[in-house]
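Visitor: For reference, this is target20.pdb, and it has PDB, C-alpha atoms (C1' of nucleotides).
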```
MODEL        1
ATOM      1  CA  MET O   1       0.122  24.626  -4.933
ATOM      2  CA  ASP O   2       2.344  22.838  -2.502
ATOM      3  CA  TYR O   3       2.839  19.296  -1.328
ATOM      4  CA  LYS O   4       1.517  20.390   2.079
ATOM      5  CA  ASP O   5      -1.915  20.819   0.536
ATOM      6  CA  PHE O   6      -1.768  17.211  -0.361
ATOM      7  CA  GLU O   7      -0.868  15.856   3.030
ATOM      8  CA  ASN O   8      -4.345  16.174   4.436
ATOM      9  CA  CYS O   9      -6.468  16.345   1.378
ATOM     10  CA  GLY O  10      -9.449  14.092   1.021
ATOM     11  CA  LEU O  11      -7.824  11.990  -1.669
ATOM     12  CA  LYS O  12      -5.024  10.990   0.625
ATOM     13  CA  LYS O  13      -7.385  10.243   3.476
ATOM     14  CA  ALA O  14      -9.614   8.153   1.239
ATOM     15  CA  LEU O  15      -6.745   6.160  -0.226
ATOM     16  CA  ASP O  16      -5.322   5.579   3.232
ATOM     17  CA  MET O  17      -8.646   4.106   4.289
ATOM     18  CA  LEU O  18      -8.443   1.685   1.376
ATOM     19  CA  SER O  19      -4.799   0.750   1.804
ATOM     20  CA  GLY O  20      -4.036  -2.715   3.090
ATOM     21  CA  LYS O  21      -3.583  -5.869   1.093
ATOM     22  CA  TRP O  22      -7.032  -7.278   1.805
ATOM     23  CA  LYS O  23      -9.187  -4.245   2.444
ATOM     24  CA  PRO O  24     -10.713  -3.973  -0.991
ATOM     25  CA  MET O  25     -11.580  -7.635  -0.805
ATOM     26  CA  ILE O  26     -13.197  -7.218   2.594
ATOM     27  CA  LEU O  27     -15.260  -4.361   1.216
ATOM     28  CA  TYR O  28     -16.187  -6.517  -1.735
ATOM     29  CA  PHE O  29     -17.560  -9.150   0.629
ATOM     30  CA  LEU O  30     -19.336  -6.581   2.753
ATOM     31  CA  PHE O  31     -21.086  -5.108  -0.258
ATOM     32  CA  TYR O  32     -22.173  -8.418  -1.716
ATOM     33  CA  GLN O  33     -22.959 -10.227   1.463
ATOM     34  CA  GLY O  34     -24.147  -7.503   3.786
ATOM     35  CA  GLU O  35     -22.822  -8.781   7.035
ATOM     36  CA  PHE O  36     -20.522 -11.510   8.232
ATOM     37  CA  ARG O  37     -19.058 -13.146  11.268
ATOM     38  CA  PHE O  38     -15.346 -12.943  11.851
ATOM     39  CA  ASN O  39     -14.545 -16.616  11.364
ATOM     40  CA  ASP O  40     -16.859 -16.979   8.399
ATOM     41  CA  LEU O  41     -15.055 -14.270   6.550
ATOM     42  CA  TRP O  42     -11.723 -15.661   7.613
ATOM     43  CA  ARG O  43     -12.629 -19.032   6.139
ATOM     44  CA  SER O  44     -13.961 -17.442   2.950
ATOM     45  CA  ILE O  45     -10.715 -15.786   2.058
ATOM     46  CA  PRO O  46      -7.941 -18.278   1.394
ATOM     47  CA  ARG O  47      -4.513 -17.293   2.612
ATOM     48  CA  ILE O  48      -5.564 -14.317   4.725
ATOM     49  CA  SER O  49      -4.233 -14.539   8.243
ATOM     50  CA  LYS O  50      -6.425 -13.996  11.261
ATOM     51  CA  LYS O  51      -4.057 -11.333  12.449
ATOM     52  CA  VAL O  52      -4.226  -9.241   9.309
ATOM     53  CA  LEU O  53      -7.963  -9.708   8.914
ATOM     54  CA  MET O  54      -8.330  -8.474  12.468
ATOM     55  CA  GLU O  55      -6.043  -5.501  11.888
ATOM     56  CA  HIS O  56      -7.857  -4.510   8.720
ATOM     57  CA  LEU O  57     -11.255  -4.756  10.352
ATOM     58  CA  GLN O  58     -10.105  -2.735  13.326
ATOM     59  CA  GLU O  59      -8.783   0.001  11.075
ATOM     60  CA  MET O  60     -12.015   0.067   9.121
ATOM     61  CA  VAL O  61     -13.986   0.288  12.336
ATOM     62  CA  GLY O  62     -11.645   3.097  13.391
ATOM     63  CA  ASN O  63     -12.326   4.876  10.103
ATOM     64  CA  ASP O  64     -16.055   4.494  10.668
ATOM     65  CA  LEU O  65     -16.471   2.449   7.523
ATOM     66  CA  VAL O  66     -17.509  -0.680   9.359
ATOM     67  CA  ILE O  67     -19.613  -1.375  12.415
ATOM     68  CA  ARG O  68     -18.778  -4.149  14.825
ATOM     69  CA  ARG O  69     -21.734  -5.610  16.667
ATOM     70  CA  GLU O  70     -21.627  -8.233  19.411
ATOM     71  CA  VAL O  71     -24.519 -10.633  19.420
ATOM     72  CA  ASN O  72     -24.880 -12.339  22.746
ATOM     73  CA  GLY O  73     -25.515 -16.008  22.241
ATOM     74  CA  PHE O  74     -23.553 -19.114  21.768
ATOM     75  CA  PRO O  75     -21.106 -19.656  20.264
ATOM     76  CA  SER O  76     -20.138 -16.090  20.840
ATOM     77  CA  GLU O  77     -20.669 -14.051  17.755
ATOM     78  CA  VAL O  78     -19.506 -10.745  16.374
ATOM     79  CA  ARG O  79     -20.940  -9.319  13.204
ATOM     80  CA  TYR O  80     -19.275  -6.818  10.943
ATOM     81  CA  ALA O  81     -21.257  -4.672   8.538
ATOM     82  CA  LEU O  82     -20.866  -1.490   6.542
ATOM     83  CA  SER O  83     -21.753   1.725   8.312
ATOM     84  CA  ARG O  84     -23.641   4.499   6.584
ATOM     85  CA  LYS O  85     -20.293   6.021   5.699
ATOM     86  CA  GLY O  86     -19.050   2.681   4.403
ATOM     87  CA  LYS O  87     -22.087   2.371   2.193
ATOM     88  CA  ALA O  88     -21.370   5.820   0.821
ATOM     89  CA  LEU O  89     -18.215   4.306  -0.624
ATOM     90  CA  GLY O  90     -20.333   2.210  -2.969
ATOM     91  CA  PRO O  91     -20.489   4.599  -5.916
ATOM     92  CA  VAL O  92     -16.834   5.506  -5.523
ATOM     93  CA  LEU O  93     -15.780   1.875  -5.614
ATOM     94  CA  SER O  94     -17.999   1.298  -8.623
ATOM     95  CA  ALA O  95     -16.319   4.171 -10.394
ATOM     96  CA  LEU O  96     -12.920   2.677  -9.606
ATOM     97  CA  ASP O  97     -14.088  -0.734 -10.758
ATOM     98  CA  GLU O  98     -15.337   0.679 -14.002
ATOM     99  CA  PHE O  99     -12.093   2.523 -14.525
ATOM    100  CA  GLY O 100     -10.101  -0.631 -13.847
ATOM    101  CA  ASN O 101     -12.148  -2.568 -16.369
ATOM    102  CA  THR O 102     -11.793   0.003 -19.102
ATOM    103  CA  SER O 103      -9.419  -1.244 -21.727
ATOM    104  CA  ASN O 104      -6.637   1.077 -22.694
ATOM    105  CA  LEU O 105      -7.642   4.340 -24.265
ATOM    106  CA  ASN O 106      -4.261   5.752 -25.190
TER     107      ASN O 106
ATOM    108  CA  MET Z   1     -19.448 -15.098  -5.103
ATOM    109  CA  ASP Z   2     -15.902 -16.183  -4.594
ATOM    110  CA  TYR Z   3     -12.615 -14.533  -3.810
ATOM    111  CA  LYS Z   4     -11.418 -15.572  -7.278
ATOM    112  CA  ASP Z   5     -13.859 -13.096  -8.799
ATOM    113  CA  PHE Z   6     -12.062 -10.430  -6.922
ATOM    114  CA  GLU Z   7      -8.578 -11.261  -8.049
ATOM    115  CA  ASN Z   8      -8.947  -9.688 -11.451
ATOM    116  CA  CYS Z   9     -11.816  -7.350 -11.006
ATOM    117  CA  GLY Z  10     -11.534  -3.761 -12.060
ATOM    118  CA  LEU Z  11     -11.480  -2.484  -8.500
ATOM    119  CA  LYS Z  12      -8.344  -4.424  -7.723
ATOM    120  CA  LYS Z  13      -6.685  -3.326 -10.945
ATOM    121  CA  ALA Z  14      -7.545   0.295 -10.302
ATOM    122  CA  LEU Z  15      -6.330   0.258  -6.724
ATOM    123  CA  ASP Z  16      -3.124  -1.449  -7.789
ATOM    124  CA  MET Z  17      -2.502   1.378 -10.228
ATOM    125  CA  LEU Z  18      -2.874   3.859  -7.380
ATOM    126  CA  SER Z  19      -0.823   1.956  -4.848
ATOM    127  CA  GLY Z  20       2.556   3.350  -3.981
ATOM    128  CA  LYS Z  21       3.381   5.842  -1.301
ATOM    129  CA  TRP Z  22       3.686   8.834  -3.605
ATOM    130  CA  LYS Z  23       1.469   7.984  -6.541
ATOM    131  CA  PRO Z  24      -1.569   9.964  -5.459
ATOM    132  CA  MET Z  25       0.691  12.949  -4.921
ATOM    133  CA  ILE Z  26       2.233  12.578  -8.350
ATOM    134  CA  LEU Z  27      -1.237  12.470  -9.863
ATOM    135  CA  TYR Z  28      -2.159  15.525  -7.853
ATOM    136  CA  PHE Z  29       0.737  17.419  -9.398
ATOM    137  CA  LEU Z  30      -0.046  16.135 -12.869
ATOM    138  CA  PHE Z  31      -3.633  17.298 -12.630
ATOM    139  CA  TYR Z  32      -2.834  20.731 -11.279
ATOM    140  CA  GLN Z  33       0.279  21.408 -13.264
ATOM    141  CA  GLY Z  34      -0.288  19.561 -16.500
ATOM    142  CA  GLU Z  35       3.222  18.465 -17.248
ATOM    143  CA  PHE Z  36       6.552  18.407 -15.496
ATOM    144  CA  ARG Z  37      10.179  17.525 -15.881
ATOM    145  CA  PHE Z  38      11.636  14.773 -13.793
ATOM    146  CA  ASN Z  39      13.945  16.883 -11.662
ATOM    147  CA  ASP Z  40      11.411  19.641 -11.204
ATOM    148  CA  LEU Z  41       8.943  17.236  -9.723
ATOM    149  CA  TRP Z  42      11.643  15.623  -7.649
ATOM    150  CA  ARG Z  43      12.535  18.993  -6.148
ATOM    151  CA  SER Z  44       8.890  19.858  -5.552
ATOM    152  CA  ILE Z  45       8.248  16.896  -3.340
ATOM    153  CA  PRO Z  46      10.294  16.975  -0.150
ATOM    154  CA  ARG Z  47      11.570  13.633   1.047
ATOM    155  CA  ILE Z  48      10.758  11.618  -2.047
ATOM    156  CA  SER Z  49      13.751   9.725  -3.340
ATOM    157  CA  LYS Z  50      14.762   9.785  -6.966
ATOM    158  CA  LYS Z  51      14.622   6.041  -7.042
ATOM    159  CA  VAL Z  52      11.038   5.791  -5.857
ATOM    160  CA  LEU Z  53       9.868   8.705  -7.975
ATOM    161  CA  MET Z  54      11.382   6.934 -10.950
ATOM    162  CA  GLU Z  55       9.794   3.609 -10.059
ATOM    163  CA  HIS Z  56       6.386   5.188  -9.588
ATOM    164  CA  LEU Z  57       6.577   7.051 -12.878
ATOM    165  CA  GLN Z  58       7.669   3.942 -14.722
ATOM    166  CA  GLU Z  59       4.776   1.969 -13.298
ATOM    167  CA  MET Z  60       2.352   4.699 -14.269
ATOM    168  CA  VAL Z  61       3.772   4.780 -17.770
ATOM    169  CA  GLY Z  62       3.428   0.990 -17.825
ATOM    170  CA  ASN Z  63      -0.206   1.324 -16.769
ATOM    171  CA  ASP Z  64      -0.777   3.855 -19.539
ATOM    172  CA  LEU Z  65      -1.720   6.558 -17.096
ATOM    173  CA  VAL Z  66       1.242   8.749 -17.906
ATOM    174  CA  ILE Z  67       3.128   9.553 -21.081
ATOM    175  CA  ARG Z  68       6.870  10.098 -21.090
ATOM    176  CA  ARG Z  69       8.162  12.380 -23.784
ATOM    177  CA  GLU Z  70      11.794  13.185 -24.565
ATOM    178  CA  VAL Z  71      12.431  16.697 -25.715
ATOM    179  CA  ASN Z  72      15.722  16.987 -27.518
ATOM    180  CA  GLY Z  73      17.578  20.031 -26.369
ATOM    181  CA  PHE Z  74      19.901  21.013 -23.645
ATOM    182  CA  PRO Z  75      19.976  20.296 -20.811
ATOM    183  CA  SER Z  76      18.377  17.026 -21.742
ATOM    184  CA  GLU Z  77      14.745  17.027 -20.833
ATOM    185  CA  VAL Z  78      12.007  14.509 -20.310
ATOM    186  CA  ARG Z  79       8.445  15.533 -19.738
ATOM    187  CA  TYR Z  80       5.775  13.512 -18.021
ATOM    188  CA  ALA Z  81       2.087  14.175 -18.566
ATOM    189  CA  LEU Z  82      -1.233  12.438 -18.104
ATOM    190  CA  SER Z  83      -2.402  10.254 -20.949
ATOM    191  CA  ARG Z  84      -6.016  10.204 -22.073
ATOM    192  CA  LYS Z  85      -6.527   7.265 -19.759
ATOM    193  CA  GLY Z  86      -4.846   9.147 -16.928
ATOM    194  CA  LYS Z  87      -7.147  12.088 -17.465
ATOM    195  CA  ALA Z  88     -10.105   9.748 -17.282
ATOM    196  CA  LEU Z  89      -9.089   9.180 -13.670
ATOM    197  CA  GLY Z  90     -10.005  12.771 -12.874
ATOM    198  CA  PRO Z  91     -13.635  12.257 -11.887
ATOM    199  CA  VAL Z  92     -12.767   9.124  -9.955
ATOM    200  CA  LEU Z  93     -10.110  10.909  -7.948
ATOM    201  CA  SER Z  94     -12.510  13.777  -7.321
ATOM    202  CA  ALA Z  95     -15.042  11.329  -5.984
ATOM    203  CA  LEU Z  96     -12.429   9.841  -3.676
ATOM    204  CA  ASP Z  97     -11.354  13.289  -2.579
ATOM    205  CA  GLU Z  98     -14.890  14.263  -1.792
ATOM    206  CA  PHE Z  99     -15.410  11.070   0.122
ATOM    207  CA  GLY Z 100     -12.240  11.663   2.117
ATOM    208  CA  ASN Z 101     -13.355  15.165   3.012
ATOM    209  CA  THR Z 102     -16.777  14.120   4.152
ATOM    210  CA  SER Z 103     -16.999  14.312   7.889
ATOM    211  CA  ASN Z 104     -18.287  11.268   9.658
ATOM    212  CA  LEU Z 105     -21.828  10.275   8.886
ATOM    213  CA  ASN Z 106     -22.347   7.476  11.381
TER     214      ASN Z 106
ATOM    215  C1'  DA J   1     -14.048 -31.347  34.404
ATOM    216  C1'  DA J   2     -12.499 -32.329  29.476
ATOM    217  C1'  DA J   3     -13.238 -30.951  24.764
ATOM    218  C1'  DC J   4     -15.031 -27.344  21.803
ATOM    219  C1'  DC J   5     -16.077 -23.096  19.590
ATOM    220  C1'  DA J   6     -15.764 -17.877  18.440
ATOM    221  C1'  DA J   7     -13.052 -14.135  18.705
ATOM    222  C1'  DG J   8      -9.114 -12.282  19.649
ATOM    223  C1'  DT J   9      -3.938 -11.563  20.990
ATOM    224  C1'  DT J  10       1.021 -12.363  21.107
ATOM    225  C1'  DA J  11       5.863 -13.245  19.826
ATOM    226  C1'  DC J  12       8.273 -14.048  16.200
ATOM    227  C1'  DT J  13       9.701 -14.569  11.114
ATOM    228  C1'  DC J  14       9.654 -13.247   6.287
ATOM    229  C1'  DA J  15       8.803 -10.356   2.293
ATOM    230  C1'  DA J  16       7.901  -6.102   0.031
ATOM    231  C1'  DA J  17       8.313  -1.211  -0.252
ATOM    232  C1'  DA J  18      10.876   2.743   0.444
ATOM    233  C1'  DG J  19      15.203   5.424   1.572
ATOM    234  C1'  DT J  20      20.300   6.714   0.785
ATOM    235  C1'  DA J  21      24.114   8.053  -1.546
ATOM    236  C1'  DA J  22      27.214   7.291  -4.933
ATOM    237  C1'  DC J  23      27.767   6.329  -9.811
ATOM    238  C1'  DT J  24      26.762   6.597 -15.106
ATOM    239  C1'  DT J  25      25.702   8.603 -19.685
ATOM    240  C1'  DG J  26      25.497  12.171 -22.762
ATOM    241  C1'  DC J  27      25.690  16.581 -24.053
ATOM    242  C1'  DT J  28      27.626  21.787 -23.041
ATOM    243  C1'  DT J  29      29.306  25.789 -21.670
ATOM    244  C1'  DG J  30      33.414  28.315 -19.576
TER     245       DG J  30
ATOM    246  C1'  DC N   1      39.286  19.621 -20.929
ATOM    247  C1'  DA N   2      37.175  20.310 -16.292
ATOM    248  C1'  DA N   3      32.792  21.282 -14.211
ATOM    249  C1'  DG N   4      27.876  21.047 -14.557
ATOM    250  C1'  DC N   5      23.249  19.578 -15.473
ATOM    251  C1'  DA N   6      19.246  16.213 -16.566
ATOM    252  C1'  DA N   7      17.891  11.818 -16.245
ATOM    253  C1'  DG N   8      18.550   7.824 -14.807
ATOM    254  C1'  DT N   9      20.724   3.309 -12.344
ATOM    255  C1'  DT N  10      22.918   0.521  -8.789
ATOM    256  C1'  DA N  11      24.124  -1.678  -4.341
ATOM    257  C1'  DC N  12      22.883  -1.563  -0.036
ATOM    258  C1'  DT N  13      20.130  -0.468   4.415
ATOM    259  C1'  DT N  14      15.941   0.513   6.876
ATOM    260  C1'  DT N  15      11.139   0.414   7.597
ATOM    261  C1'  DT N  16       6.686  -1.318   7.083
ATOM    262  C1'  DG N  17       3.375  -4.769   6.158
ATOM    263  C1'  DA N  18       2.030  -9.416   6.094
ATOM    264  C1'  DG N  19       2.330 -14.413   7.535
ATOM    265  C1'  DT N  20       2.552 -18.311  11.150
ATOM    266  C1'  DA N  21       1.290 -20.806  14.867
ATOM    267  C1'  DA N  22       0.505 -21.096  19.459
ATOM    268  C1'  DC N  23      -1.989 -19.072  23.299
ATOM    269  C1'  DT N  24      -6.042 -16.699  25.871
ATOM    270  C1'  DT N  25     -10.809 -15.731  27.421
ATOM    271  C1'  DG N  26     -15.364 -16.900  28.149
ATOM    272  C1'  DG N  27     -19.205 -19.465  27.672
ATOM    273  C1'  DT N  28     -21.293 -24.707  26.298
ATOM    274  C1'  DT N  29     -22.205 -29.071  25.641
ATOM    275  C1'  DT N  30     -21.388 -34.152  27.083
TER     276       DT N  30
ENDMDL
END
```
Could you render the structure as structure tokens?
Guide:
Amino acid sequence: MDYKDFENCGLKKALDMLSGKWKPMILYFLFYQGEFRFNDLWRSIPRISKKVLMEHLQEMVGNDLVIRREVNGFPSEVRYALSRKGKALGPVLSALDEFGNTSNLN
Amino acid sequence: MDYKDFENCGLKKALDMLSGKWKPMILYFLFYQGEFRFNDLWRSIPRISKKVLMEHLQEMVGNDLVIRREVNGFPSEVRYALSRKGKALGPVLSALDEFGNTSNLN
DNA sequence: AAACCAAGTTACTCAAAAGTAACTTGCTTG
DNA sequence: CAAGCAAGTTACTTTTGAGTAACTTGGTTT
């Protein structure tokens, strides 16, 4: 086994998709709330900056975890929601959540 | 639901334990190799610095994922291995790995 | 046409994480 | 007793990520 094997293993890819200060929180909102508009989410999360929220969403769209949908109407509206792939993260995030809640074993 | 709920949920705790440029790689080695000595691991991973390897290991020991054991002998030797809690991460990391390897669904 | 809103973008600053290389401690073999 | 090795530590630099606030675009109401 060699570090090279690691460099493009699935674990690394998956953790890269989740890396970013606010990404887990964004996913949390997406799972509990289904869909949201950019400014609504921005106002829901204290202290997040528009810039970083934007960057995170764009990365998640790039990773096919999130779908961005423009609704034509007024005021102009863009909705973000989990893609099929994003939804497939559900059980994995639950497993992580459960692990994180487990009190120390050893 | 409120962002406060997120701040100390298990998901956040778990992801914090995994955050750090080289931590997933260290876990990868621990799972495949069982145990290692500090310098051996350091030499196995090109480009990692001693300082960061040390910091990562200390955090993981602090999170009870890894156990540090001093073997008295010469040259002096310290062995790092997964704790019971660390081993419990196995299935979770496998799930992440599988997710990361899944080609795009949507 | 002025004021307003959503959704971005931009230039710039600040903070956190990681990298580098030299140094330390303690024990040992030549 | 000098040189050597494991396991750190330290002071310092560089890189990366996040924060701030002002600006833009395009359509809307008054």
Visitor: Which residues come within 10 Å of range 15-30 of chain N, counting all atoms listed in the file, excluding same-chain residues fewer than 6 positions away, as a PyMOL selection string?
Guide: (chain O and resi 20-21+47-52+73-76) or (chain J and resi 2-19)
Visitor: Using all atoms listed in the file, determine which residues of chain Z fall within 6 Å of chain O; present them as a VMD selection string.
Guide: chain Z and resid 10 to 11 13 to 14 84 to 85 96 to 97 100 to 101 105 to 106
Visitor: Please determine, counting all atoms listed in the file, which residue among O:Trp22, O:Tyr80, O:Phe38, O:Phe31 has the shortest atom-to-atom distance to chain J.
Guide: O:Phe38
Visitor: Superposition of chain O onto chain Z by least squares over all sequentially paired C-alpha atoms; the transformed chain is requested as a PDB file with C-alpha atoms, in the coordinates of the input.
Guide:
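Okay, out_20.pdb is ready:
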```
ATOM      1  CA  MET O   1     -19.439 -15.114  -5.262  1.00  0.00           C
ATOM      2  CA  ASP O   2     -15.891 -16.183  -4.701  1.00  0.00           C
ATOM      3  CA  TYR O   3     -12.613 -14.511  -3.910  1.00  0.00           C
ATOM      4  CA  LYS O   4     -11.416 -15.531  -7.385  1.00  0.00           C
ATOM      5  CA  ASP O   5     -13.854 -13.049  -8.881  1.00  0.00           C
ATOM      6  CA  PHE O   6     -12.065 -10.406  -6.969  1.00  0.00           C
ATOM      7  CA  GLU O   7      -8.565 -11.224  -8.079  1.00  0.00           C
ATOM      8  CA  ASN O   8      -8.924  -9.632 -11.470  1.00  0.00           C
ATOM      9  CA  CYS O   9     -11.813  -7.324 -11.006  1.00  0.00           C
ATOM     10  CA  GLY O  10     -11.542  -3.727 -12.043  1.00  0.00           C
ATOM     11  CA  LEU O  11     -11.491  -2.467  -8.478  1.00  0.00           C
ATOM     12  CA  LYS O  12      -8.367  -4.401  -7.703  1.00  0.00           C
ATOM     13  CA  LYS O  13      -6.681  -3.308 -10.901  1.00  0.00           C
ATOM     14  CA  ALA O  14      -7.564   0.319 -10.266  1.00  0.00           C
ATOM     15  CA  LEU O  15      -6.346   0.277  -6.679  1.00  0.00           C
ATOM     16  CA  ASP O  16      -3.139  -1.429  -7.740  1.00  0.00           C
ATOM     17  CA  MET O  17      -2.518   1.390 -10.189  1.00  0.00           C
ATOM     18  CA  LEU O  18      -2.868   3.873  -7.344  1.00  0.00           C
ATOM     19  CA  SER O  19      -0.795   1.970  -4.810  1.00  0.00           C
ATOM     20  CA  GLY O  20       2.596   3.377  -3.935  1.00  0.00           C
ATOM     21  CA  LYS O  21       3.433   5.882  -1.258  1.00  0.00           C
ATOM     22  CA  TRP O  22       3.736   8.857  -3.593  1.00  0.00           C
ATOM     23  CA  LYS O  23       1.501   8.007  -6.514  1.00  0.00           C
ATOM     24  CA  PRO O  24      -1.522   9.981  -5.433  1.00  0.00           C
ATOM     25  CA  MET O  25       0.721  12.961  -4.894  1.00  0.00           C
ATOM     26  CA  ILE O  26       2.261  12.595  -8.335  1.00  0.00           C
ATOM     27  CA  LEU O  27      -1.213  12.483  -9.831  1.00  0.00           C
ATOM     28  CA  TYR O  28      -2.125  15.541  -7.824  1.00  0.00           C
ATOM     29  CA  PHE O  29       0.777  17.424  -9.387  1.00  0.00           C
ATOM     30  CA  LEU O  30      -0.015  16.138 -12.849  1.00  0.00           C
ATOM     31  CA  PHE O  31      -3.603  17.306 -12.606  1.00  0.00           C
ATOM     32  CA  TYR O  32      -2.789  20.746 -11.276  1.00  0.00           C
ATOM     33  CA  GLN O  33       0.321  21.412 -13.246  1.00  0.00           C
ATOM     34  CA  GLY O  34      -0.247  19.569 -16.488  1.00  0.00           C
ATOM     35  CA  GLU O  35       3.241  18.468 -17.242  1.00  0.00           C
ATOM     36  CA  PHE O  36       6.582  18.399 -15.510  1.00  0.00           C
ATOM     37  CA  ARG O  37      10.203  17.521 -15.910  1.00  0.00           C
ATOM     38  CA  PHE O  38      11.660  14.753 -13.819  1.00  0.00           C
ATOM     39  CA  ASN O  39      13.983  16.872 -11.702  1.00  0.00           C
ATOM     40  CA  ASP O  40      11.445  19.634 -11.246  1.00  0.00           C
ATOM     41  CA  LEU O  41       8.986  17.244  -9.746  1.00  0.00           C
ATOM     42  CA  TRP O  42      11.692  15.639  -7.680  1.00  0.00           C
ATOM     43  CA  ARG O  43      12.594  19.007  -6.196  1.00  0.00           C
ATOM     44  CA  SER O  44       8.941  19.881  -5.592  1.00  0.00           C
ATOM     45  CA  ILE O  45       8.288  16.934  -3.364  1.00  0.00           C
ATOM     46  CA  PRO O  46      10.350  17.021  -0.189  1.00  0.00           C
ATOM     47  CA  ARG O  47      11.641  13.696   1.031  1.00  0.00           C
ATOM     48  CA  ILE O  48      10.808  11.664  -2.068  1.00  0.00           C
ATOM     49  CA  SER O  49      13.792   9.756  -3.353  1.00  0.00           C
ATOM     50  CA  LYS O  50      14.804   9.810  -6.983  1.00  0.00           C
ATOM     51  CA  LYS O  51      14.638   6.058  -7.042  1.00  0.00           C
ATOM     52  CA  VAL O  52      11.063   5.814  -5.847  1.00  0.00           C
ATOM     53  CA  LEU O  53       9.900   8.714  -7.985  1.00  0.00           C
ATOM     54  CA  MET O  54      11.412   6.924 -10.951  1.00  0.00           C
ATOM     55  CA  GLU O  55       9.805   3.611 -10.030  1.00  0.00           C
ATOM     56  CA  HIS O  56       6.404   5.199  -9.564  1.00  0.00           C
ATOM     57  CA  LEU O  57       6.594   7.044 -12.855  1.00  0.00           C
ATOM     58  CA  GLN O  58       7.681   3.923 -14.679  1.00  0.00           C
ATOM     59  CA  GLU O  59       4.774   1.966 -13.259  1.00  0.00           C
ATOM     60  CA  MET O  60       2.355   4.700 -14.229  1.00  0.00           C
ATOM     61  CA  VAL O  61       3.783   4.761 -17.725  1.00  0.00           C
ATOM     62  CA  GLY O  62       3.421   0.973 -17.767  1.00  0.00           C
ATOM     63  CA  ASN O  63      -0.214   1.326 -16.718  1.00  0.00           C
ATOM     64  CA  ASP O  64      -0.773   3.839 -19.500  1.00  0.00           C
ATOM     65  CA  LEU O  65      -1.727   6.553 -17.056  1.00  0.00           C
ATOM     66  CA  VAL O  66       1.244   8.729 -17.881  1.00  0.00           C
ATOM     67  CA  ILE O  67       3.119   9.549 -21.052  1.00  0.00           C
ATOM     68  CA  ARG O  68       6.852  10.063 -21.089  1.00  0.00           C
ATOM     69  CA  ARG O  69       8.122  12.368 -23.798  1.00  0.00           C
ATOM     70  CA  GLU O  70      11.752  13.145 -24.599  1.00  0.00           C
ATOM     71  CA  VAL O  71      12.399  16.660 -25.760  1.00  0.00           C
ATOM     72  CA  ASN O  72      15.679  16.929 -27.570  1.00  0.00           C
ATOM     73  CA  GLY O  73      17.527  19.993 -26.424  1.00  0.00           C
ATOM     74  CA  PHE O  74      19.861  20.963 -23.716  1.00  0.00           C
ATOM     75  CA  PRO O  75      19.969  20.231 -20.889  1.00  0.00           C
ATOM     76  CA  SER O  76      18.344  16.993 -21.818  1.00  0.00           C
ATOM     77  CA  GLU O  77      14.726  17.004 -20.887  1.00  0.00           C
ATOM     78  CA  VAL O  78      11.991  14.473 -20.331  1.00  0.00           C
ATOM     79  CA  ARG O  79       8.426  15.519 -19.753  1.00  0.00           C
ATOM     80  CA  TYR O  80       5.775  13.499 -18.011  1.00  0.00           C
ATOM     81  CA  ALA O  81       2.088  14.160 -18.547  1.00  0.00           C
ATOM     82  CA  LEU O  82      -1.234  12.427 -18.080  1.00  0.00           C
ATOM     83  CA  SER O  83      -2.406  10.241 -20.927  1.00  0.00           C
ATOM     84  CA  ARG O  84      -6.009  10.188 -22.050  1.00  0.00           C
ATOM     85  CA  LYS O  85      -6.537   7.262 -19.712  1.00  0.00           C
ATOM     86  CA  GLY O  86      -4.844   9.139 -16.884  1.00  0.00           C
ATOM     87  CA  LYS O  87      -7.131  12.086 -17.427  1.00  0.00           C
ATOM     88  CA  ALA O  88     -10.096   9.748 -17.231  1.00  0.00           C
ATOM     89  CA  LEU O  89      -9.086   9.188 -13.626  1.00  0.00           C
ATOM     90  CA  GLY O  90     -10.003  12.783 -12.843  1.00  0.00           C
ATOM     91  CA  PRO O  91     -13.635  12.264 -11.865  1.00  0.00           C
ATOM     92  CA  VAL O  92     -12.786   9.121  -9.931  1.00  0.00           C
ATOM     93  CA  LEU O  93     -10.138  10.913  -7.911  1.00  0.00           C
ATOM     94  CA  SER O  94     -12.535  13.772  -7.289  1.00  0.00           C
ATOM     95  CA  ALA O  95     -15.088  11.326  -5.980  1.00  0.00           C
ATOM     96  CA  LEU O  96     -12.482   9.840  -3.655  1.00  0.00           C
ATOM     97  CA  ASP O  97     -11.417  13.298  -2.544  1.00  0.00           C
ATOM     98  CA  GLU O  98     -14.966  14.256  -1.787  1.00  0.00           C
ATOM     99  CA  PHE O  99     -15.489  11.059   0.136  1.00  0.00           C
ATOM    100  CA  GLY O 100     -12.324  11.654   2.138  1.00  0.00           C
ATOM    101  CA  ASN O 101     -13.444  15.154   3.029  1.00  0.00           C
ATOM    102  CA  THR O 102     -16.885  14.106   4.156  1.00  0.00           C
ATOM    103  CA  SER O 103     -17.108  14.275   7.898  1.00  0.00           C
ATOM    104  CA  ASN O 104     -18.396  11.208   9.629  1.00  0.00           C
ATOM    105  CA  LEU O 105     -21.928  10.193   8.841  1.00  0.00           C
ATOM    106  CA  ASN O 106     -22.401   7.333  11.265  1.00  0.00           C
TER     107      ASN O 106
END
```
Visitor: Mind running chain N against chain Z at 8 Å and telling me each contacting residue's nearest atom pair with the distance in Å (one decimal), counting only C-alpha atoms (C1' of nucleotides), chain and number ascending, as JSON lines?
Guide:
```
{"residue": "N:DC5", "atom": "C1'", "partner": "Z:Pro75", "partner_atom": "CA", "distance": 6.3}
{"residue": "N:DA6", "atom": "C1'", "partner": "Z:Ser76", "partner_atom": "CA", "distance": 5.3}
{"residue": "N:DA7", "atom": "C1'", "partner": "Z:Phe38", "partner_atom": "CA", "distance": 7.3}
```
Visitor: Between Z:Leu82, Z:Val61, Z:Leu30, Z:Leu53, which has the minimum distance to chain J (counting all atoms listed in the file)?
Guide: Z:Leu53
